[in-house]
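Structure first, commentary second.
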Amino acid sequence: MLQIIQPSQAGTVESNDILIVLTPASADKGIEIDLVSPVLKKYGRQIRSVIQKVLQEQGIEAAHVSANDRGALDCTIRARMMTAVERAAGEEVLG
Amino acid sequence: MKLRRTMMFVPGNNPGMLINAGIYGADTIIFDLEDSVAISEKDAARHLVYSAMKTIKYSCEVAVRINHISTPFGYKDLKTILAVKPDLIRLPKAEMAVDIEEIDAIITDAESKHGFIPGSIKMMAAIETAKGIRNAYSIATASPRMVALAIGGEDYLADLQTSRTKDGKEFLAGRGQLILAAREAGIHAIDTVFGDVNNEEDFIAETTRIKEMGFDGKSVVNPRQIGIVHEIYTPTDKEIDHAQRVIAAYEESLARKSGVVSLNGKMIDIPVVKRAQRTLAYANAVGKSERGATL
Amino acid sequence: MINGVGREIPESIAGIKNIKPYSEPFSYIPTGCLTGPNIIINKPRSEKILTSIDQAIEASGLKDGMTISFHHHFRNGDYVLNMVIAAIAKKGIRDLTLAPSSLNSINEEIIPYIEQGVITAVETSGARGKLGQLLTSGKLSKPTIIRSHGGRARAIECGELQIDVAFIGAPACDTYGNINGVEGKSACGSLGYAMVDAAYANKVVAITDHLVPYPLFPISIPQTQVDYIVPVEAIGDPKGIASGALRISKDPRELLIAQYATTAIEYSGYFKQDYSIQLGSGGASLAAARFLREKMKKQGITASFGLGGVTAPFIEMLEEGLIKAVYDVQDFDIPSIESMKRNKNHQEMSASFYANPHNRGPIVNQLDVVILSATEVDVDFNVNVITDSNGVIMGAVGGHQDTAAGAALSIVVAPLLRGRLPMVIDQVHTVCTPGETVDIIVTERGVAVNPLRKDLKENLKAANIPLMDIEELRDIAYEFAGKPDPIQVSDKVTAVVEYRDGTLIDVIRTTV
């Protein structure tokens with residue numbers, strides 16, 4: 001189980017990418033996701049689901065995620081989340 | 001026959017390029033975690049390449065250029081990437097056989113841990129220093145996984161204390177040694193990157209030159225270069241025709257139980273027959289792998 | 001009622017008369033006669049020149065409820081439409097129908113006038129940005145009518161679209177109303193769209209920034225059609241009207257798509273001496289022009305004619321003798337404008353000659369090959385070029401329906417994914433061009449041939465391109481992007497898309 005000890009950022013605002021800003025949140029807040037995306041209607045639900053899943057897999061129960069999407073595929077979102085979590089936790093993230 | 005006419009570098013920190021890397025027809029794509037990725041983004045590139053390889057089915061050979069194991073990143077690269085079964089690990093700046101041996105052992109462990117067929121993950125080494133060139137043969141034979149040697153560009157020139165010229169004299173010594181070592185070891189020799197994507201004329205000249213030297217392929221940095229290399233490496237109709245006639249003459253001499261093979265009144269040695277056989281096998285392999293008309 | 005492409009068309013739509021559902025590309029047989037302007041007399045040496053747009057509005061007799069038109073040959077360099085509507089609004093005239101040949105983002109300036117009720121209905125080929133959003137939102141009292149270039153010409157000529165006053169931006173105009181588009185600081189080349197308006201509108205006002213002594217030649221729009229002339233400081237921004245030659249794309253994905261498209265043309269059976277071609281102005285199209293040029297040179301093939309939307313790569317081929325003649329409804333860049341001016345093999349044509357399906361035969365009927373773009377394509381080969389992934393109007397039908405129907409070989413090129421958006425999907429949001437007129441879809445990951453074209457499928461087997469079923473392309477797209485959630489729409493119809501024959505091929509509703 002990883003703990004978010006510091007704010008972190010991963011990704012860019014280039015095409016096909018997603019900029020993730022991860023900040024710690026108190027346990028009662030749970031997971032909050034602020035999502036901006038040009039494909040919000042068609043893929044907003046799926047993007048949020050991928051973000052949630054990565055946090056769940058890493059055992060993170062509370063965090064604030066600000067996601068600025070530029071048409072990233074799930075594999076890119078997952079990778080950016082893994083990087084952001086690793087940078088926030090100061091520990092290696094695998095798989 | 002495995003073709004490695006083109007090995008295309010794809011920066012590991014660029015999601016758009018990772019996703020589209022496989023559509024351009026390169027024989028091998030190399031996802032780069034090393035020189036094209038800023039130090040602050042080494043972790044990000046590692047995750048992007050891992051995630052792309054886990055999700056996307058690439059139809060060509062997938063290689064990953066890891067950071068050298070003497071850097072803070074090399075071991076992490078291997079740990080993460082080996083889990084998603086790259087076809088080929090490319091080690092940069094290889095100087096000694098022991099570099100290869102150490103990585104070979106790490107790969108063996110990973111294959112066992114993940115249940116991959118032992119030996120299924122191959123290796124190649126990029127040689128970028130004079131010392132590396134001197135050790136080229138021992139590097140090439142340091143592991144049964146080794147399938148190719150490449151000569152690196154800018155780092156090699158820096159080590160030699162020279163710079164690029166139009167006719168490539170600066171690479172004369174290195175290319176020569178590399179092709180000899182690779183051939184003796186029975187593996188591929190891959191030439192250096194040509195960075196000026198807009199200079200088609202010089203690119204064609206350089207590629208032709210290294211093909212004539214015996215190199216099996218070239219590293220490329222842009223899809224536009226792929227068609228050009230493939231065209232140069234495609235046997236011409238004339239070459240294929242000649243090879244077919246040599247083979248026919250050879251088979252005819254076998255049928256006659258004669259020790260002498262002749263074509264058009266000229267005697268043909270066994271090496272010539274072997275070359276003809278190689279040409280036809282190569283033409284077949286190229287015919288099967290070509291996608292899309294050449295540009 | 002369900003129409004010929006499976007779309008639900010309401011029996012009645014407030015603000016739309018005479019609803020005919022689309023059936024097949026050529027099944028609707030028109031009746032009736034051509035319409036025309038009122039007959040008048042103009043005495044010798046009469047004075048047509050007025051001092052201001054205000055004066056012209058008065059002289060034209062423009063009243064509440066009438067229909068006005070403009071051309072879009074100046075694209076985002078146009079000043080005329082915005083200027084005239086502002087002047088009309090100042091005069092307190094209201095409830096007008098605006099029927100330009102198309103709308104661009106520069107026309108967002110008129111949004112306040114729409115909101116104020118100066119304009120209450122729009123008939124256009126398309127719209128962009130905020131204007132497109134406004135038209136989709138349904139704030140106008142009548143649904144917007146979307147028509148192709150050929151469809152607009154048809155509607156004008158048969159009287160379905162009655163233009164009361166046509167305001168024509170005239171790059172060069174003489175003192176009695178002869179107009180051409182190749183001279184003056186706001187030269188735009190062909191005036192193909194405006195030619196139809198000028199011939200059929202009840203009053204025609206030429207607005208020019210280059211008034212020349214009588215007589216002007218060559219003549220694109222004759223004095224016999226022009227009522228009034230208003231000289232102004234500037235009718236457009238030359239930089240917005242015509243770019244320097246458009247640069248061919250360096251994007252490797254677009255180049256790959258172009259390569260597959262030209263290979264498909266090469267093996268289609270249509271690539272032979274004296275074939276004819278039309279190319280779009282998008283990146284992949286321009287790249288295709290270059291590849292085609294190389295193939296034509298290599299195989300010694302020349303084209304009998306080219307159609308456009310004309311750009312510099314086309315002109316290069318004309319000047320090299322690879323294309324014998326170019327028929328031109330619109331010019332995009334300076335080399336194209338210059339060519340029309342100097343080259344007798346570069347002919348201007350009206351939108352009617354180009355694409356009107358209800359005359360003795362438009363030139364698209366003789367076209368062999370066309371390359372088109374798309375925002376979306378579905379597994380029935382239907383094409384959407386008008387709405388985006390959010391169901392909002394942001395594009396234009398243009399000549400899409402016309403060329404696809406007329407050409408022997410219609411090829412649609414597009415990347416399989418734009419960002420995360422799949423371009424090949426189950427059902428397009430809005431059908432603009434019916435699938436039975438679309439022959440080949442070319443993406444960078446695969447090429448699909450319409451099952452209706454068994455001949456093409458057979459010919460393309462010999463080509464080295466990745467042929468696959470269209471369902472497979474959709475599956476690949478969905479595998480990368482995920483299957484998208486559907487866009488929810490309301491019941492309210494805010495725009496209708498006419499097919500070129502005047503039937504309704506689809507409707508656009510507000511999104512929820």
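Chain labels run A, B, ... following the order of the structure tokens; each chain numbers its residues from 1, and ligands are numbered from 1 in the order shown.
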
Practice task
Identify all chain B residues at most 10 Å from chain A by counting only C-alpha atoms; ligands do not count. Present them as an MDAnalysis selection string.
Solution key: chainID B and resid 13:19 41:56 76 79:81 83:84

Every residue of range 128-260 of chain B that DSSP places in strand (DSSP E or B), as a compact mmCIF listing (two decimals) with C-alpha atoms, in the first residue's frame:
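Output contents, as saved in out-v7.txt:
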# COMPACT_ATOMS: atom_id res chain seq x y z
CA MET B 146 23.16 -11.53 -28.97
CA VAL B 147 21.63 -11.02 -32.43
CA ALA B 148 23.12 -7.71 -33.57
CA LEU B 149 25.87 -5.16 -33.13
CA ALA B 150 25.30 -1.50 -33.90
CA ILE B 151 27.69 1.38 -34.20
CA HIS B 188 23.62 -8.65 -37.75
CA ALA B 189 25.61 -5.46 -38.25
CA ILE B 190 23.52 -2.31 -37.98
CA ASP B 191 24.76 1.12 -39.03
CA GLY B 217 20.55 -2.56 -41.88
CA LYS B 218 20.43 0.97 -40.56
CA SER B 219 19.00 2.76 -37.55
CA VAL B 220 16.43 5.36 -38.60

Practice task
Please return as a PyMOL selection string: the residues of chain A that backbone DSSP assigns to alpha helix (DSSP H).
Solution key: chain A and resi 40-57+74-89

Practice task
Would you mind reading off the distance between CA of Ile16 in chain C and CA of Val496 in chain C, one decimal, in Å?
Solution key: 8.6 Å

Hey, could you make a per-residue contact list for chain C against chain A with 10 Å as the cut-off, showing the nearest pair of atoms and its distance in Å to one decimal, counting only C-alpha atoms, sorted by chain and number, as a tab-separated table?
residue	atom	partner	partner_atom	distance
C:Ser389	CA	A:Val39	CA	7.4
C:Asn390	CA	A:Lys41	CA	6.9
C:Leu417	CA	A:Gly71	CA	9.8
C:Arg418	CA	A:Gly71	CA	8.1
C:Gly419	CA	A:Gly71	CA	4.5
C:Arg420	CA	A:Gly71	CA	4.6
C:Leu421	CA	A:Gly71	CA	7.5
C:Phe480	CA	A:Leu73	CA	6.9
C:Ala481	CA	A:Leu73	CA	5.8
C:Gly482	CA	A:Tyr43	CA	8.1
C:Lys483	CA	A:Tyr43	CA	8.4
C:Pro484	CA	A:Lys42	CA	4.8
C:Asp485	CA	A:Lys42	CA	4.6
C:Pro486	CA	A:Lys42	CA	6.3
C:Ile487	CA	A:Lys41	CA	6.7
C:Gln488	CA	A:Lys41	CA	9.0

Using C-alpha atoms, can you export the residues from the last selection as a CSV table (one decimal), in the first residue's frame?
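Result file follows (again_18.csv):
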chain,number,residue,atom,x,y,z
C,389,SER,CA,-17.9,14.0,-31.7
C,390,ASN,CA,-20.1,16.1,-29.4
C,417,LEU,CA,-8.1,7.8,-34.6
C,418,ARG,CA,-8.1,11.5,-34.0
C,419,GLY,CA,-6.6,11.9,-30.5
C,420,ARG,CA,-8.8,9.3,-28.7
C,421,LEU,CA,-11.7,9.6,-31.1
C,480,PHE,CA,-7.4,1.4,-29.1
C,481,ALA,CA,-9.9,4.0,-27.8
C,482,GLY,CA,-12.5,1.9,-26.1
C,483,LYS,CA,-16.1,1.8,-27.2
C,484,PRO,CA,-17.4,5.4,-26.8
C,485,ASP,CA,-20.5,6.2,-24.7
C,486,PRO,CA,-23.4,7.4,-26.8
C,487,ILE,CA,-24.2,11.1,-27.2
C,488,GLN,CA,-27.6,11.9,-25.8

Completion exercise
Between CA of Arg128 in chain C and CA of Ser105 in chain C lies a distance of 5.4 Å

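Put simply, CA of Ala21 in chain B is 27.4 Å away from CA of Phe381 in chain C.
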
Could you please tell me, as a PDB file with N, CA and C atoms, in the first residue's frame, which residues of chain C have an atom within 10 Å of chain B when using only C-alpha atoms?
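For reference, result_38.pdb as written:
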ATOM      1  N   LYS C 250       4.174  17.026 -43.540  1.00  0.00           N
ATOM      2  CA  LYS C 250       5.332  16.202 -43.224  1.00  0.00           C
ATOM      3  C   LYS C 250       4.947  15.147 -42.195  1.00  0.00           C
ATOM      4  N   ASP C 251       3.676  15.194 -41.776  1.00  0.00           N
ATOM      5  CA  ASP C 251       3.205  14.239 -40.781  1.00  0.00           C
ATOM      6  C   ASP C 251       3.267  12.835 -41.351  1.00  0.00           C
ATOM      7  N   PRO C 252       4.070  11.936 -40.744  1.00  0.00           N
ATOM      8  CA  PRO C 252       4.257  10.604 -41.348  1.00  0.00           C
ATOM      9  C   PRO C 252       2.956   9.814 -41.449  1.00  0.00           C
ATOM     10  N   ARG C 253       2.018  10.068 -40.534  1.00  0.00           N
ATOM     11  CA  ARG C 253       0.751   9.342 -40.588  1.00  0.00           C
ATOM     12  C   ARG C 253      -0.053   9.779 -41.806  1.00  0.00           C
ATOM     13  N   LEU C 255       1.159  11.053 -44.521  1.00  0.00           N
ATOM     14  CA  LEU C 255       1.870  10.590 -45.716  1.00  0.00           C
ATOM     15  C   LEU C 255       1.552   9.125 -45.986  1.00  0.00           C
ATOM     16  N   LEU C 256       1.458   8.339 -44.920  1.00  0.00           N
ATOM     17  CA  LEU C 256       1.151   6.917 -45.093  1.00  0.00           C
ATOM     18  C   LEU C 256      -0.256   6.744 -45.658  1.00  0.00           C
ATOM     19  N   GLN C 259      -0.223   7.638 -49.217  1.00  0.00           N
ATOM     20  CA  GLN C 259       0.440   6.586 -49.981  1.00  0.00           C
ATOM     21  C   GLN C 259      -0.540   5.452 -50.270  1.00  0.00           C
ATOM     22  N   TYR C 260      -1.278   5.003 -49.257  1.00  0.00           N
ATOM     23  CA  TYR C 260      -2.262   3.942 -49.456  1.00  0.00           C
ATOM     24  C   TYR C 260      -3.348   4.388 -50.439  1.00  0.00           C
ATOM     25  N   THR C 262      -3.157   6.632 -52.886  1.00  0.00           N
ATOM     26  CA  THR C 262      -2.689   6.689 -54.276  1.00  0.00           C
ATOM     27  C   THR C 262      -2.430   5.286 -54.811  1.00  0.00           C
ATOM     28  N   THR C 263      -1.983   4.378 -53.988  1.00  0.00           N
ATOM     29  CA  THR C 263      -1.815   2.999 -54.437  1.00  0.00           C
ATOM     30  C   THR C 263      -3.171   2.401 -54.791  1.00  0.00           C
ATOM     31  N   PHE C 291       2.159  12.235 -54.655  1.00  0.00           N
ATOM     32  CA  PHE C 291       2.440  10.833 -54.996  1.00  0.00           C
ATOM     33  C   PHE C 291       1.837  10.474 -56.347  1.00  0.00           C
ATOM     34  N   GLU C 294       3.977  11.677 -59.169  1.00  0.00           N
ATOM     35  CA  GLU C 294       5.120  10.805 -59.435  1.00  0.00           C
ATOM     36  C   GLU C 294       4.707   9.572 -60.223  1.00  0.00           C
ATOM     37  N   GLY C 419      -6.766  11.800 -31.965  1.00  0.00           N
ATOM     38  CA  GLY C 419      -6.641  11.852 -30.514  1.00  0.00           C
ATOM     39  C   GLY C 419      -7.190  10.534 -29.999  1.00  0.00           C
ATOM     40  N   GLU C 444      -4.608   4.828 -41.833  1.00  0.00           N
ATOM     41  CA  GLU C 444      -3.216   4.408 -41.763  1.00  0.00           C
ATOM     42  C   GLU C 444      -3.083   2.970 -41.276  1.00  0.00           C
ATOM     43  N   ARG C 445      -4.179   2.384 -40.758  1.00  0.00           N
ATOM     44  CA  ARG C 445      -4.097   1.012 -40.267  1.00  0.00           C
ATOM     45  C   ARG C 445      -4.851   0.019 -41.138  1.00  0.00           C
ATOM     46  N   GLY C 446      -5.543   0.515 -42.143  1.00  0.00           N
ATOM     47  CA  GLY C 446      -6.276  -0.418 -42.986  1.00  0.00           C
ATOM     48  C   GLY C 446      -7.111   0.297 -44.022  1.00  0.00           C
ATOM     49  N   ALA C 463      -2.773  -4.945 -55.046  1.00  0.00           N
ATOM     50  CA  ALA C 463      -2.053  -3.801 -54.473  1.00  0.00           C
ATOM     51  C   ALA C 463      -1.502  -4.174 -53.113  1.00  0.00           C
ATOM     52  N   ASN C 464      -0.355  -3.610 -52.763  1.00  0.00           N
ATOM     53  CA  ASN C 464       0.264  -3.931 -51.488  1.00  0.00           C
ATOM     54  C   ASN C 464      -0.264  -3.007 -50.394  1.00  0.00           C
ATOM     55  N   ILE C 465      -1.579  -3.107 -50.121  1.00  0.00           N
ATOM     56  CA  ILE C 465      -2.151  -2.269 -49.061  1.00  0.00           C
ATOM     57  C   ILE C 465      -2.939  -3.168 -48.113  1.00  0.00           C
ATOM     58  N   PRO C 466      -3.063  -2.753 -46.860  1.00  0.00           N
ATOM     59  CA  PRO C 466      -3.731  -3.620 -45.870  1.00  0.00           C
ATOM     60  C   PRO C 466      -5.262  -3.589 -46.021  1.00  0.00           C
ATOM     61  N   GLU C 479     -10.654  -0.944 -30.121  1.00  0.00           N
ATOM     62  CA  GLU C 479      -9.683  -1.608 -29.261  1.00  0.00           C
ATOM     63  C   GLU C 479      -8.698  -0.589 -28.697  1.00  0.00           C
ATOM     64  N   PHE C 480      -8.306   0.362 -29.517  1.00  0.00           N
ATOM     65  CA  PHE C 480      -7.389   1.395 -29.053  1.00  0.00           C
ATOM     66  C   PHE C 480      -8.078   2.359 -28.103  1.00  0.00           C
TER      67      PHE C 480
END

Handout entry: Nearby residues (only C-alpha atoms) at most 8 Å from Ala89 in chain A, same-chain spacing under 4 positions excluded, as a list in words
Key =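 The residues satisfying every condition are Leu2, Gln3, Ile4, Ile5, Gln6 and Val85 of chain A.
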
Problem - Shell of 10 Å around range 268-272 of chain B, only C-alpha atoms, local chain residues under 5 positions omitted, as a ChimeraX atom specification - result: /B:243,246-247,249-250,260-263,277-278

Would you output that residue set with C-alpha atoms, as a short mmCIF file (atom, residue, chain, number, x, y, z; two decimals), in the first residue's frame?
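Heads up, here's the output in again.cif:
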data_model
loop_
_atom_site.label_atom_id
_atom_site.label_comp_id
_atom_site.auth_asym_id
_atom_site.auth_seq_id
_atom_site.Cartn_x
_atom_site.Cartn_y
_atom_site.Cartn_z
CA ALA B 243 21.05 -15.41 -59.09
CA VAL B 246 23.58 -19.21 -61.29
CA ILE B 247 21.46 -21.63 -59.26
CA ALA B 249 23.75 -23.70 -63.69
CA TYR B 250 24.70 -25.17 -60.32
CA VAL B 260 32.57 -27.72 -62.65
CA VAL B 261 29.79 -25.15 -62.61
CA SER B 262 29.75 -22.83 -65.58
CA LEU B 263 27.50 -20.04 -66.78
CA GLN B 277 21.30 -18.66 -52.80
CA ARG B 278 21.49 -15.85 -50.24
#

Exercise for the section: Identify, on the basis of only C-alpha atoms, every residue whose closest approach to range 210-215 of chain B does not exceed 12 Å; exclude the query and any residue fewer than 5 positions from it along the same chain; express the result as a VMD selection string. Expected result: chain B and resid 3 to 6 148 to 151 167 to 169 171 to 172 174 to 183 187 to 193 203 to 205 229 to 235

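Among the candidates C:Lys454, C:His400, C:Arg154, C:Arg293, the residue lying nearest to His358 in chain C is C:Arg154 (atoms considered: only C-alpha atoms).
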
Handout entry: Selection near Ala448 in chain C, 7 Å with only C-alpha atoms, sequence-local residues under 2 positions removed, as number ranges by chain
Key = C: 440-442, 446, 450, 467-470

Exercise for the section: Find the spatial neighbours of Thr23 in chain A, counting only C-alpha atoms, within a cut-off of 9 Å - ignore same-chain residues fewer than 5 positions away - and output them as number ranges by chain. Expected result: A: 4-9, 63-66, 88

Would you export the selected residues with N, CA and C atoms as a PDB file, in the first residue's frame, please?
ATOM      1  N   ILE A   4       0.373   8.734  -0.397  1.00  0.00           N
ATOM      2  CA  ILE A   4       0.752   9.969  -1.110  1.00  0.00           C
ATOM      3  C   ILE A   4       1.255  10.945  -0.065  1.00  0.00           C
ATOM      4  N   ILE A   5       2.562  11.212  -0.135  1.00  0.00           N
ATOM      5  CA  ILE A   5       3.123  12.095   0.889  1.00  0.00           C
ATOM      6  C   ILE A   5       3.376  13.495   0.372  1.00  0.00           C
ATOM      7  N   GLN A   6       3.373  13.672  -0.958  1.00  0.00           N
ATOM      8  CA  GLN A   6       3.643  15.010  -1.510  1.00  0.00           C
ATOM      9  C   GLN A   6       2.902  15.170  -2.820  1.00  0.00           C
ATOM     10  N   PRO A   7       2.624  16.422  -3.218  1.00  0.00           N
ATOM     11  CA  PRO A   7       1.969  16.615  -4.516  1.00  0.00           C
ATOM     12  C   PRO A   7       2.921  16.217  -5.641  1.00  0.00           C
ATOM     13  N   SER A   8       2.371  15.759  -6.722  1.00  0.00           N
ATOM     14  CA  SER A   8       3.221  15.378  -7.851  1.00  0.00           C
ATOM     15  C   SER A   8       2.511  15.642  -9.162  1.00  0.00           C
ATOM     16  N   GLN A   9       3.268  15.569 -10.237  1.00  0.00           N
ATOM     17  CA  GLN A   9       2.734  15.864 -11.561  1.00  0.00           C
ATOM     18  C   GLN A   9       3.361  14.925 -12.559  1.00  0.00           C
ATOM     19  N   ALA A  63      -7.183  10.859  -2.330  1.00  0.00           N
ATOM     20  CA  ALA A  63      -6.286  11.697  -3.139  1.00  0.00           C
ATOM     21  C   ALA A  63      -7.127  12.656  -3.960  1.00  0.00           C
ATOM     22  N   HIS A  64      -6.507  13.742  -4.365  1.00  0.00           N
ATOM     23  CA  HIS A  64      -7.167  14.644  -5.312  1.00  0.00           C
ATOM     24  C   HIS A  64      -6.415  14.574  -6.630  1.00  0.00           C
ATOM     25  N   VAL A  65      -7.140  14.237  -7.683  1.00  0.00           N
ATOM     26  CA  VAL A  65      -6.525  14.128  -9.002  1.00  0.00           C
ATOM     27  C   VAL A  65      -7.078  15.211  -9.918  1.00  0.00           C
ATOM     28  N   SER A  66      -6.173  16.001 -10.467  1.00  0.00           N
ATOM     29  CA  SER A  66      -6.597  16.962 -11.477  1.00  0.00           C
ATOM     30  C   SER A  66      -6.070  16.447 -12.804  1.00  0.00           C
ATOM     31  N   ALA A  88       4.625  10.817  -6.111  1.00  0.00           N
ATOM     32  CA  ALA A  88       3.962  11.329  -4.907  1.00  0.00           C
ATOM     33  C   ALA A  88       4.311  10.497  -3.678  1.00  0.00           C
TER      34      ALA A  88
END
